[in-house]
Amino acid sequence: MTLNRRNFMGKGAAVAAASLAAPMVMADGHGGKPRVVIVGGGAGGATAARYIAKGSKGEIDVTLVEPTRQYYTCFFSNLYLGGFRDLSSIGHTYGTLASEYGVNVVHDWAVGIDRDAKTVSLAGGDTLSYDRLILSPGIDFVEGAVNGWDISAQNAMPHAYKAGSQSELLKAQIDAMPQGGTFVMVAPPNPFRCPPGPYERISMVAHTLKANNPTAKIIIADPKPKFSKQALFQEAWSNHYDGMIEWIGPDFGGGNVTVDPAAMTVDIDGEVVKADVCNVIPAMKAGRICEIAGINDGNWAPVNGHTMQSRIDENIHVLGDACAQGDMPKSGFSANSQAKVAANAVRGALTGSKVFPAKFSNTCWSLLDTDDGIKVGATYEATDEKIAKIDGFISKTGEDAALRKATYEESVGWYAGITADMFG
Amino acid sequence: MRWIYGMLLGFGLLGSPAWAEYDVHAIGDAEKGAKVFNKCKGCHQVGEGAKNRVGPHLNGVFDRAAAAVEGFKYSKGLQRAADGGLIWDLEHLDAYLENPKALVSGTRMSFRGLKKQHDRANVLAFMRAYSDDPQNIPEAAPTAVASEVELSPETLALIGDPEYGEYLSNECTTCHQKDGSDQGIPSITLWPAEDFVIAMHAYKVKVRSHPVMQMMAGRLDDEEIAALAAYFGNLE
């Protein structure tokens, strides 16, 4: 067997020697350092880039491929809809990752992956080689998931489930609603990004409407019989927004929906509703690059929880919303937690650094109204089959105002913490 | 700040006979202040044998320059304030206790403040007794209380591995900021190892009530807690 760097790397026993030997053996233009390419600069990808670059102290070349120069976090974008945050306050750039951590930030789309050659091709025409590839592309929508809706209708009926211009559009539409108008949400089936997200959004839209448009109505057509933090949300809706919100579950036809973006109507189980604003959140799947890489099983990319390696290709790790891992919800917190496990495993494989056992955690805060925050969270461990839940907690109904305010303040602190953890 | 105005009157600056007999040291009621000080005890000791813990000891704090207790690692924010000439006189202590972050932005003192004027007056009266000039520390027992959880000497003596602590800290830094700043979530950097270990065990056995921390601490063993204490205790 010819000893080349690619098959030399990744062999656990040889890696300590590799970091010394590689510069002499290899001279193909990148100093012989092992290379990690990361696709997607959100909570999974940005965190992984930072932790690998920081931990390896220059021993690993890290390239982050992310199309947007200004990244808007999905978490807290509902607070923007509620008027609690400016859009600019949830926007982040990659300058610190590049300047302080030495991450090679490439603003481009990954459009192809050759798993045999271990290369990623970019829409701009370039090709990147990798020793380990990390895919953290977030979600895309399942085509045809909502009758009458496709991506060409996202201006008339925004999803606002990838933050940024879609969030701005939805906010502008809510602000322009006629008095007494109707806001309709078509909620997604499981599994989807941010399980409490649609219901926090309803709370935030109601908060905005209560102030500006108190006779407006909100209708949720939902294919799910129950949803995250349901008792907490429904308590808040009746306490803060009494009579404004109607939730239509599958028993009442909430799963049988057809939209007409041209007419701005929503047919819910045969009853046609005229919508002034219609927020369509379709069924989701892993970001398309996972499908292109051929590592999906169904709509998601299965991974081994010990390292976040793809079950189909061990040179690829998949993080966050895109992966099928077990019990963790698809959330920014989860992706951040998974990224640290993957970073530890990748560094261990490429430079022989110490690998510690995987630990995961998640907490999701939701805002119901001014100073009224709730949370749900859990810890997880890796088993051979999946990432399994160990322990968890959830806010309780009827908590006092001081505790709810502290919970909200905690969420603001968490936002500052996690974004510093992602972007440096 | 009306009571400070009262103090000035007491010092005779405005010389009203009604104020002439006012005891200048009677800022508030020291006995009541001792109870208010229970809120401070988690981090600060005062009295004979008081040591630096999460916060510096408070002996002789009155009229001392800010950030001046030897051997305590102050936040950058507090050092900046000290460089700007902050002295812990009555007025500034009062303002700091009312809202620490309003007076010293970037302070690691994770305390919301005492909003009630009489609470501040009382606790300052209590602390005043430990700041006589010259700084003779009264023969009072230290106010540091028995720790929240009983830990074996072996557990307390464990020396943590900071490298393992750094890895484990990845879970903490999703919420707690590494630079020691805190908004809504307390700072956990530069604590003495023992305080860190006791706090984590207090969450683990649910003596402390925060559900997220109970969950996080609940699955850490003694070695892991010691490792985290070692790592966070020495962050620059």
# chains A, B, ... in the order shown; residues from 1 in each chain; ligands from 1
>>> interface_residues(of="chain A", to="chain B", cutoff="9 Å", atoms="only C-alpha atoms", output="ChimeraX atom specification")
/A:333,336-337,340,344,356,359-361,363,376-379,390-395,406-422
>>> closest_atom_pairs(of="stretch 317-376 of chain A", to="stretch 60-66 of chain A", cutoff="9 Å", atoms="only C-alpha atoms", output="JSON lines")
{"residue": "A:Arg347", "atom": "CA", "partner": "A:Ile60", "partner_atom": "CA", "distance": 8.0}
{"residue": "A:Leu350", "atom": "CA", "partner": "A:Ile60", "partner_atom": "CA", "distance": 7.8}
{"residue": "A:Thr351", "atom": "CA", "partner": "A:Ile60", "partner_atom": "CA", "distance": 7.9}
>>> write_last_selection(atoms="N, CA, C and O atoms", output="PDB file, in the first residue's frame")
ATOM      1  N   ARG A 347     -10.635  16.572  16.157  1.00  0.00           N
ATOM      2  CA  ARG A 347      -9.267  16.892  16.582  1.00  0.00           C
ATOM      3  C   ARG A 347      -8.530  15.623  17.006  1.00  0.00           C
ATOM      4  O   ARG A 347      -7.362  15.439  16.698  1.00  0.00           O
ATOM      5  N   LEU A 350      -7.548  13.655  13.867  1.00  0.00           N
ATOM      6  CA  LEU A 350      -6.580  14.265  12.947  1.00  0.00           C
ATOM      7  C   LEU A 350      -5.248  14.630  13.605  1.00  0.00           C
ATOM      8  O   LEU A 350      -4.233  14.702  12.933  1.00  0.00           O
ATOM      9  N   THR A 351      -5.262  14.885  14.901  1.00  0.00           N
ATOM     10  CA  THR A 351      -4.004  15.303  15.531  1.00  0.00           C
ATOM     11  C   THR A 351      -3.657  14.463  16.755  1.00  0.00           C
ATOM     12  O   THR A 351      -2.641  14.723  17.408  1.00  0.00           O
TER      13      THR A 351
END
>>> select_by_dssp(residues="stretch 75-115 of chain A", states="strand (DSSP E)", output="ChimeraX atom specification")
/A:91-92,104-106,110-114
>>> write_last_selection(atoms="N, CA, C and O atoms", output="short mmCIF file (atom, residue, chain, number, x, y, z; two decimals), in the first residue's frame")
data_model
loop_
_atom_site.label_atom_id
_atom_site.label_comp_id
_atom_site.auth_asym_id
_atom_site.auth_seq_id
_atom_site.Cartn_x
_atom_site.Cartn_y
_atom_site.Cartn_z
N GLY A 91 -28.10 39.67 14.06
CA GLY A 91 -27.22 39.48 12.90
C GLY A 91 -25.77 39.37 13.34
O GLY A 91 -25.34 40.07 14.26
N HIS A 92 -25.04 38.46 12.72
CA HIS A 92 -23.64 38.23 13.12
C HIS A 92 -22.79 38.04 11.87
O HIS A 92 -23.25 37.56 10.85
N ASN A 104 -10.62 29.88 7.65
CA ASN A 104 -10.75 30.34 6.28
C ASN A 104 -12.24 30.39 5.94
O ASN A 104 -12.86 29.37 5.70
N VAL A 105 -12.80 31.60 5.94
CA VAL A 105 -14.24 31.74 5.73
C VAL A 105 -14.51 31.98 4.25
O VAL A 105 -13.99 32.94 3.67
N VAL A 106 -15.26 31.08 3.63
CA VAL A 106 -15.56 31.17 2.20
C VAL A 106 -17.06 31.42 2.05
O VAL A 106 -17.87 30.58 2.45
N ALA A 110 -21.96 25.35 -1.14
CA ALA A 110 -21.46 24.01 -1.47
C ALA A 110 -22.53 23.34 -2.33
O ALA A 110 -23.69 23.26 -1.93
N VAL A 111 -22.13 22.90 -3.52
CA VAL A 111 -23.13 22.33 -4.43
C VAL A 111 -22.85 20.87 -4.79
O VAL A 111 -23.68 20.21 -5.40
N GLY A 112 -21.66 20.37 -4.43
CA GLY A 112 -21.37 18.97 -4.74
C GLY A 112 -20.37 18.40 -3.76
O GLY A 112 -19.54 19.12 -3.20
N ILE A 113 -20.49 17.08 -3.52
CA ILE A 113 -19.53 16.41 -2.66
C ILE A 113 -19.12 15.11 -3.32
O ILE A 113 -19.98 14.31 -3.72
N ASP A 114 -17.81 14.92 -3.48
CA ASP A 114 -17.28 13.66 -4.01
C ASP A 114 -16.67 12.92 -2.82
O ASP A 114 -15.59 13.28 -2.35
#
>>> residues_around(residues="A:Phe227", least_positions_apart="4", cutoff="12 Å", atoms="only C-alpha atoms", output="PDB file with all heavy atoms, in the first residue's frame")
ATOM      1  N   ALA A 187     -48.840  25.187  10.527  1.00  0.00           N
ATOM      2  CA  ALA A 187     -47.744  24.644  11.342  1.00  0.00           C
ATOM      3  C   ALA A 187     -47.207  23.352  10.722  1.00  0.00           C
ATOM      4  O   ALA A 187     -47.939  22.652  10.018  1.00  0.00           O
ATOM      5  CB  ALA A 187     -48.228  24.398  12.769  1.00  0.00           C
ATOM      6  N   PRO A 188     -45.948  23.032  10.986  1.00  0.00           N
ATOM      7  CA  PRO A 188     -45.321  21.866  10.352  1.00  0.00           C
ATOM      8  C   PRO A 188     -45.553  20.569  11.136  1.00  0.00           C
ATOM      9  O   PRO A 188     -45.791  20.604  12.342  1.00  0.00           O
ATOM     10  CB  PRO A 188     -43.841  22.219  10.388  1.00  0.00           C
ATOM     11  CG  PRO A 188     -43.679  23.032  11.642  1.00  0.00           C
ATOM     12  CD  PRO A 188     -44.971  23.798  11.817  1.00  0.00           C
ATOM     13  N   PRO A 189     -45.437  19.428  10.441  1.00  0.00           N
ATOM     14  CA  PRO A 189     -45.460  18.135  11.149  1.00  0.00           C
ATOM     15  C   PRO A 189     -44.092  17.849  11.763  1.00  0.00           C
ATOM     16  O   PRO A 189     -43.093  18.443  11.364  1.00  0.00           O
ATOM     17  CB  PRO A 189     -45.755  17.134  10.022  1.00  0.00           C
ATOM     18  CG  PRO A 189     -45.165  17.765   8.804  1.00  0.00           C
ATOM     19  CD  PRO A 189     -45.309  19.260   8.979  1.00  0.00           C
ATOM     20  N   ASN A 190     -44.028  16.930  12.714  1.00  0.00           N
ATOM     21  CA  ASN A 190     -42.747  16.488  13.291  1.00  0.00           C
ATOM     22  C   ASN A 190     -41.980  15.653  12.281  1.00  0.00           C
ATOM     23  O   ASN A 190     -42.592  15.002  11.454  1.00  0.00           O
ATOM     24  CB  ASN A 190     -43.009  15.627  14.535  1.00  0.00           C
ATOM     25  CG  ASN A 190     -43.571  16.456  15.681  1.00  0.00           C
ATOM     26  OD1 ASN A 190     -43.182  17.598  15.882  1.00  0.00           O
ATOM     27  ND2 ASN A 190     -44.519  15.872  16.415  1.00  0.00           N
ATOM     28  N   PRO A 191     -40.636  15.602  12.389  1.00  0.00           N
ATOM     29  CA  PRO A 191     -39.813  16.463  13.235  1.00  0.00           C
ATOM     30  C   PRO A 191     -39.456  17.735  12.501  1.00  0.00           C
ATOM     31  O   PRO A 191     -39.384  17.742  11.279  1.00  0.00           O
ATOM     32  CB  PRO A 191     -38.559  15.603  13.448  1.00  0.00           C
ATOM     33  CG  PRO A 191     -38.442  14.795  12.192  1.00  0.00           C
ATOM     34  CD  PRO A 191     -39.832  14.602  11.657  1.00  0.00           C
ATOM     35  N   PHE A 192     -39.252  18.799  13.233  1.00  0.00           N
ATOM     36  CA  PHE A 192     -38.915  20.060  12.578  1.00  0.00           C
ATOM     37  C   PHE A 192     -38.017  20.886  13.491  1.00  0.00           C
ATOM     38  O   PHE A 192     -37.894  20.598  14.678  1.00  0.00           O
ATOM     39  CB  PHE A 192     -40.187  20.832  12.208  1.00  0.00           C
ATOM     40  CG  PHE A 192     -41.033  21.241  13.390  1.00  0.00           C
ATOM     41  CD1 PHE A 192     -40.974  22.533  13.898  1.00  0.00           C
ATOM     42  CD2 PHE A 192     -41.909  20.339  13.992  1.00  0.00           C
ATOM     43  CE1 PHE A 192     -41.752  22.916  14.981  1.00  0.00           C
ATOM     44  CE2 PHE A 192     -42.688  20.714  15.078  1.00  0.00           C
ATOM     45  CZ  PHE A 192     -42.603  22.004  15.574  1.00  0.00           C
ATOM     46  N   CYS A 194     -36.698  23.572  15.906  1.00  0.00           N
ATOM     47  CA  CYS A 194     -37.228  24.388  17.008  1.00  0.00           C
ATOM     48  C   CYS A 194     -38.674  24.057  17.364  1.00  0.00           C
ATOM     49  O   CYS A 194     -39.591  24.804  17.031  1.00  0.00           O
ATOM     50  CB  CYS A 194     -37.098  25.879  16.666  1.00  0.00           C
ATOM     51  SG  CYS A 194     -37.480  26.963  18.052  1.00  0.00           S
ATOM     52  N   PRO A 195     -38.885  22.926  18.065  1.00  0.00           N
ATOM     53  CA  PRO A 195     -40.268  22.503  18.357  1.00  0.00           C
ATOM     54  C   PRO A 195     -41.166  23.569  19.003  1.00  0.00           C
ATOM     55  O   PRO A 195     -42.346  23.654  18.645  1.00  0.00           O
ATOM     56  CB  PRO A 195     -40.062  21.291  19.283  1.00  0.00           C
ATOM     57  CG  PRO A 195     -38.725  20.749  18.888  1.00  0.00           C
ATOM     58  CD  PRO A 195     -37.893  21.951  18.530  1.00  0.00           C
ATOM     59  N   PRO A 196     -40.681  24.414  19.921  1.00  0.00           N
ATOM     60  CA  PRO A 196     -41.599  25.449  20.426  1.00  0.00           C
ATOM     61  C   PRO A 196     -41.708  26.665  19.505  1.00  0.00           C
ATOM     62  O   PRO A 196     -42.514  27.574  19.776  1.00  0.00           O
ATOM     63  CB  PRO A 196     -40.973  25.874  21.774  1.00  0.00           C
ATOM     64  CG  PRO A 196     -39.684  25.139  21.904  1.00  0.00           C
ATOM     65  CD  PRO A 196     -39.381  24.452  20.631  1.00  0.00           C
ATOM     66  N   GLY A 197     -40.906  26.712  18.433  1.00  0.00           N
ATOM     67  CA  GLY A 197     -40.787  27.911  17.604  1.00  0.00           C
ATOM     68  C   GLY A 197     -42.094  28.453  17.056  1.00  0.00           C
ATOM     69  O   GLY A 197     -42.390  29.639  17.197  1.00  0.00           O
ATOM     70  N   PRO A 198     -42.939  27.600  16.441  1.00  0.00           N
ATOM     71  CA  PRO A 198     -44.187  28.135  15.887  1.00  0.00           C
ATOM     72  C   PRO A 198     -45.080  28.761  16.960  1.00  0.00           C
ATOM     73  O   PRO A 198     -45.774  29.757  16.707  1.00  0.00           O
ATOM     74  CB  PRO A 198     -44.862  26.901  15.274  1.00  0.00           C
ATOM     75  CG  PRO A 198     -43.732  25.953  14.992  1.00  0.00           C
ATOM     76  CD  PRO A 198     -42.741  26.196  16.095  1.00  0.00           C
ATOM     77  N   TYR A 199     -45.012  28.202  18.171  1.00  0.00           N
ATOM     78  CA  TYR A 199     -45.949  28.618  19.221  1.00  0.00           C
ATOM     79  C   TYR A 199     -45.422  29.850  19.969  1.00  0.00           C
ATOM     80  O   TYR A 199     -46.202  30.696  20.394  1.00  0.00           O
ATOM     81  CB  TYR A 199     -46.243  27.403  20.114  1.00  0.00           C
ATOM     82  CG  TYR A 199     -46.573  26.232  19.207  1.00  0.00           C
ATOM     83  CD1 TYR A 199     -45.615  25.263  18.888  1.00  0.00           C
ATOM     84  CD2 TYR A 199     -47.796  26.187  18.537  1.00  0.00           C
ATOM     85  CE1 TYR A 199     -45.881  24.257  17.971  1.00  0.00           C
ATOM     86  CE2 TYR A 199     -48.070  25.189  17.610  1.00  0.00           C
ATOM     87  CZ  TYR A 199     -47.109  24.221  17.336  1.00  0.00           C
ATOM     88  OH  TYR A 199     -47.377  23.257  16.400  1.00  0.00           O
ATOM     89  N   GLU A 200     -44.098  29.935  20.060  1.00  0.00           N
ATOM     90  CA  GLU A 200     -43.529  31.196  20.531  1.00  0.00           C
ATOM     91  C   GLU A 200     -43.856  32.289  19.511  1.00  0.00           C
ATOM     92  O   GLU A 200     -44.202  33.418  19.878  1.00  0.00           O
ATOM     93  CB  GLU A 200     -42.009  31.087  20.693  1.00  0.00           C
ATOM     94  CG  GLU A 200     -41.400  32.415  21.162  1.00  0.00           C
ATOM     95  CD  GLU A 200     -39.880  32.410  21.186  1.00  0.00           C
ATOM     96  OE1 GLU A 200     -39.259  32.116  20.143  1.00  0.00           O
ATOM     97  OE2 GLU A 200     -39.314  32.715  22.234  1.00  0.00           O
ATOM     98  N   ASP A 222     -52.848  22.991  12.439  1.00  0.00           N
ATOM     99  CA  ASP A 222     -51.732  22.168  12.909  1.00  0.00           C
ATOM    100  C   ASP A 222     -51.993  20.691  12.638  1.00  0.00           C
ATOM    101  O   ASP A 222     -53.028  20.163  13.054  1.00  0.00           O
ATOM    102  CB  ASP A 222     -51.557  22.401  14.421  1.00  0.00           C
ATOM    103  CG  ASP A 222     -50.148  22.091  14.905  1.00  0.00           C
ATOM    104  OD1 ASP A 222     -49.507  21.195  14.330  1.00  0.00           O
ATOM    105  OD2 ASP A 222     -49.703  22.745  15.868  1.00  0.00           O
ATOM    106  N   PRO A 223     -51.054  20.020  11.981  1.00  0.00           N
ATOM    107  CA  PRO A 223     -51.247  18.583  11.742  1.00  0.00           C
ATOM    108  C   PRO A 223     -50.927  17.723  12.959  1.00  0.00           C
ATOM    109  O   PRO A 223     -51.130  16.514  12.922  1.00  0.00           O
ATOM    110  CB  PRO A 223     -50.264  18.294  10.602  1.00  0.00           C
ATOM    111  CG  PRO A 223     -49.174  19.290  10.773  1.00  0.00           C
ATOM    112  CD  PRO A 223     -49.823  20.524  11.349  1.00  0.00           C
ATOM    113  N   ALA A 231     -49.173  23.115  27.311  1.00  0.00           N
ATOM    114  CA  ALA A 231     -49.954  23.642  28.438  1.00  0.00           C
ATOM    115  C   ALA A 231     -49.500  25.055  28.793  1.00  0.00           C
ATOM    116  O   ALA A 231     -50.323  25.928  29.108  1.00  0.00           O
ATOM    117  CB  ALA A 231     -49.795  22.724  29.648  1.00  0.00           C
ATOM    118  N   LEU A 232     -48.184  25.289  28.706  1.00  0.00           N
ATOM    119  CA  LEU A 232     -47.650  26.611  29.041  1.00  0.00           C
ATOM    120  C   LEU A 232     -48.088  27.653  28.019  1.00  0.00           C
ATOM    121  O   LEU A 232     -48.472  28.765  28.368  1.00  0.00           O
ATOM    122  CB  LEU A 232     -46.123  26.540  29.098  1.00  0.00           C
ATOM    123  CG  LEU A 232     -45.553  25.725  30.260  1.00  0.00           C
ATOM    124  CD1 LEU A 232     -44.144  25.247  29.959  1.00  0.00           C
ATOM    125  CD2 LEU A 232     -45.563  26.559  31.535  1.00  0.00           C
ATOM    126  N   PHE A 233     -48.015  27.277  26.743  1.00  0.00           N
ATOM    127  CA  PHE A 233     -48.437  28.225  25.710  1.00  0.00           C
ATOM    128  C   PHE A 233     -49.938  28.515  25.826  1.00  0.00           C
ATOM    129  O   PHE A 233     -50.369  29.661  25.765  1.00  0.00           O
ATOM    130  CB  PHE A 233     -48.118  27.687  24.313  1.00  0.00           C
ATOM    131  CG  PHE A 233     -46.672  27.874  23.916  1.00  0.00           C
ATOM    132  CD1 PHE A 233     -45.833  26.793  23.717  1.00  0.00           C
ATOM    133  CD2 PHE A 233     -46.150  29.150  23.733  1.00  0.00           C
ATOM    134  CE1 PHE A 233     -44.504  26.967  23.358  1.00  0.00           C
ATOM    135  CE2 PHE A 233     -44.825  29.337  23.374  1.00  0.00           C
ATOM    136  CZ  PHE A 233     -43.996  28.235  23.177  1.00  0.00           C
ATOM    137  N   GLN A 234     -50.724  27.462  25.994  1.00  0.00           N
ATOM    138  CA  GLN A 234     -52.174  27.679  26.000  1.00  0.00           C
ATOM    139  C   GLN A 234     -52.606  28.476  27.237  1.00  0.00           C
ATOM    140  O   GLN A 234     -53.515  29.301  27.157  1.00  0.00           O
ATOM    141  CB  GLN A 234     -52.902  26.345  25.861  1.00  0.00           C
ATOM    142  CG  GLN A 234     -52.676  25.818  24.418  1.00  0.00           C
ATOM    143  CD  GLN A 234     -53.433  24.557  24.075  1.00  0.00           C
ATOM    144  OE1 GLN A 234     -53.692  23.730  24.943  1.00  0.00           O
ATOM    145  NE2 GLN A 234     -53.789  24.401  22.811  1.00  0.00           N
ATOM    146  N   TRP A 247     -56.504  27.552  17.878  1.00  0.00           N
ATOM    147  CA  TRP A 247     -55.624  26.466  17.438  1.00  0.00           C
ATOM    148  C   TRP A 247     -56.488  25.326  16.911  1.00  0.00           C
ATOM    149  O   TRP A 247     -57.369  24.826  17.615  1.00  0.00           O
ATOM    150  CB  TRP A 247     -54.762  25.984  18.604  1.00  0.00           C
ATOM    151  CG  TRP A 247     -53.849  24.852  18.247  1.00  0.00           C
ATOM    152  CD1 TRP A 247     -52.727  24.912  17.484  1.00  0.00           C
ATOM    153  CD2 TRP A 247     -53.989  23.481  18.649  1.00  0.00           C
ATOM    154  NE1 TRP A 247     -52.150  23.667  17.389  1.00  0.00           N
ATOM    155  CE2 TRP A 247     -52.907  22.767  18.084  1.00  0.00           C
ATOM    156  CE3 TRP A 247     -54.922  22.776  19.415  1.00  0.00           C
ATOM    157  CZ2 TRP A 247     -52.726  21.390  18.261  1.00  0.00           C
ATOM    158  CZ3 TRP A 247     -54.747  21.409  19.597  1.00  0.00           C
ATOM    159  CH2 TRP A 247     -53.653  20.723  19.026  1.00  0.00           C
ATOM    160  N   GLY A 249     -56.310  21.675  15.724  1.00  0.00           N
ATOM    161  CA  GLY A 249     -55.510  20.459  15.647  1.00  0.00           C
ATOM    162  C   GLY A 249     -56.064  19.499  14.595  1.00  0.00           C
ATOM    163  O   GLY A 249     -57.064  19.798  13.924  1.00  0.00           O
ATOM    164  N   PRO A 250     -55.417  18.344  14.448  1.00  0.00           N
ATOM    165  CA  PRO A 250     -55.820  17.395  13.392  1.00  0.00           C
ATOM    166  C   PRO A 250     -57.243  16.840  13.573  1.00  0.00           C
ATOM    167  O   PRO A 250     -57.888  16.489  12.585  1.00  0.00           O
ATOM    168  CB  PRO A 250     -54.772  16.285  13.489  1.00  0.00           C
ATOM    169  CG  PRO A 250     -54.140  16.437  14.831  1.00  0.00           C
ATOM    170  CD  PRO A 250     -54.258  17.870  15.216  1.00  0.00           C
TER     171      PRO A 250
END
>>> closest_residue(among="A:Ala153, A:Ala358, A:Ile134, A:Met308", to="A:Ala293", atoms="only C-alpha atoms")
A:Ile134
>>> atom_distance(atom1="atom CA of A:Ala388", atom2="atom CA of A:Ala46")
24.5 Å
>>> residues_around(residues="A:Asn304", least_positions_apart="6", cutoff="9 Å", atoms="only C-alpha atoms", output="list in words")
Ser310, Arg311, His317, Gln325, Ala382, Thr383, Asp384, Glu385, Lys386 and Ile387 of chain A
>>> select_by_dssp(residues="stretch 290-385 of chain A", states="alpha helix (DSSP H)", output="list in words")
Cys290, Glu291, Ile292, Ala293, Gly332, Phe333, Ser334, Ala335, Asn336, Ser337, Gln338, Ala339, Lys340, Val341, Ala342, Ala343, Asn344, Ala345, Val346, Arg347, Gly348, Ala349, Leu350 and Thr351 of chain A
>>> write_last_selection(atoms="N, CA and C atoms", output="mmCIF file, in the first residue's frame")
data_model
loop_
_atom_site.group_PDB
_atom_site.id
_atom_site.type_symbol
_atom_site.label_atom_id
_atom_site.label_comp_id
_atom_site.auth_asym_id
_atom_site.auth_seq_id
_atom_site.Cartn_x
_atom_site.Cartn_y
_atom_site.Cartn_z
ATOM 1 N N CYS A 290 -26.903 17.397 2.186
ATOM 2 C CA CYS A 290 -26.821 16.032 2.741
ATOM 3 C C CYS A 290 -27.343 15.010 1.734
ATOM 4 N N GLU A 291 -28.408 15.387 1.051
ATOM 5 C CA GLU A 291 -28.977 14.531 0.013
ATOM 6 C C GLU A 291 -27.959 14.379 -1.127
ATOM 7 N N ILE A 292 -27.363 15.513 -1.509
ATOM 8 C CA ILE A 292 -26.358 15.502 -2.580
ATOM 9 C C ILE A 292 -25.185 14.595 -2.194
ATOM 10 N N ALA A 293 -24.802 14.640 -0.921
ATOM 11 C CA ALA A 293 -23.686 13.810 -0.458
ATOM 12 C C ALA A 293 -24.070 12.334 -0.389
ATOM 13 N N GLY A 332 -30.854 25.298 18.041
ATOM 14 C CA GLY A 332 -29.528 25.905 17.992
ATOM 15 C C GLY A 332 -28.661 25.438 19.153
ATOM 16 N N PHE A 333 -29.265 25.311 20.313
ATOM 17 C CA PHE A 333 -28.537 24.851 21.499
ATOM 18 C C PHE A 333 -28.004 23.441 21.253
ATOM 19 N N SER A 334 -28.877 22.557 20.704
ATOM 20 C CA SER A 334 -28.455 21.178 20.415
ATOM 21 C C SER A 334 -27.295 21.168 19.429
ATOM 22 N N ALA A 335 -27.420 21.979 18.367
ATOM 23 C CA ALA A 335 -26.378 22.001 17.335
ATOM 24 C C ALA A 335 -25.049 22.453 17.929
ATOM 25 N N ASN A 336 -25.109 23.459 18.797
ATOM 26 C CA ASN A 336 -23.914 23.971 19.469
ATOM 27 C C ASN A 336 -23.289 22.884 20.342
ATOM 28 N N SER A 337 -24.137 22.153 21.050
ATOM 29 C CA SER A 337 -23.676 21.072 21.919
ATOM 30 C C SER A 337 -23.050 19.942 21.093
ATOM 31 N N GLN A 338 -23.711 19.576 20.003
ATOM 32 C CA GLN A 338 -23.200 18.507 19.138
ATOM 33 C C GLN A 338 -21.888 18.922 18.473
ATOM 34 N N ALA A 339 -21.776 20.205 18.145
ATOM 35 C CA ALA A 339 -20.568 20.695 17.464
ATOM 36 C C ALA A 339 -19.331 20.505 18.339
ATOM 37 N N LYS A 340 -19.488 20.656 19.640
ATOM 38 C CA LYS A 340 -18.347 20.528 20.542
ATOM 39 C C LYS A 340 -17.903 19.071 20.647
ATOM 40 N N VAL A 341 -18.867 18.169 20.628
ATOM 41 C CA VAL A 341 -18.535 16.741 20.632
ATOM 42 C C VAL A 341 -17.811 16.387 19.331
ATOM 43 N N ALA A 342 -18.345 16.884 18.212
ATOM 44 C CA ALA A 342 -17.723 16.590 16.920
ATOM 45 C C ALA A 342 -16.318 17.198 16.839
ATOM 46 N N ALA A 343 -16.164 18.427 17.350
ATOM 47 C CA ALA A 343 -14.857 19.101 17.290
ATOM 48 C C ALA A 343 -13.819 18.294 18.063
ATOM 49 N N ASN A 344 -14.227 17.790 19.210
ATOM 50 C CA ASN A 344 -13.329 16.975 20.029
ATOM 51 C C ASN A 344 -12.930 15.692 19.294
ATOM 52 N N ALA A 345 -13.923 15.074 18.639
ATOM 53 C CA ALA A 345 -13.649 13.827 17.910
ATOM 54 C C ALA A 345 -12.768 14.082 16.680
ATOM 55 N N VAL A 346 -13.037 15.164 15.975
ATOM 56 C CA VAL A 346 -12.270 15.478 14.763
ATOM 57 C C VAL A 346 -10.819 15.792 15.125
ATOM 58 N N ARG A 347 -10.635 16.572 16.157
ATOM 59 C CA ARG A 347 -9.267 16.892 16.582
ATOM 60 C C ARG A 347 -8.530 15.623 17.006
ATOM 61 N N GLY A 348 -9.231 14.769 17.724
ATOM 62 C CA GLY A 348 -8.609 13.518 18.154
ATOM 63 C C GLY A 348 -8.176 12.680 16.967
ATOM 64 N N ALA A 349 -9.054 12.588 15.957
ATOM 65 C CA ALA A 349 -8.753 11.750 14.799
ATOM 66 C C ALA A 349 -7.614 12.333 13.958
ATOM 67 N N LEU A 350 -7.548 13.655 13.867
ATOM 68 C CA LEU A 350 -6.580 14.265 12.947
ATOM 69 C C LEU A 350 -5.248 14.630 13.605
ATOM 70 N N THR A 351 -5.262 14.885 14.901
ATOM 71 C CA THR A 351 -4.004 15.303 15.531
ATOM 72 C C THR A 351 -3.657 14.463 16.755
#
>>> residues_around(residues="stretch 72-84 of chain B", least_positions_apart="2", cutoff="12 Å", atoms="only C-alpha atoms", output="ChimeraX atom specification")
/B:44,51-58,64-70,86-88,92,96,100-110,179-182,187-192,233-236
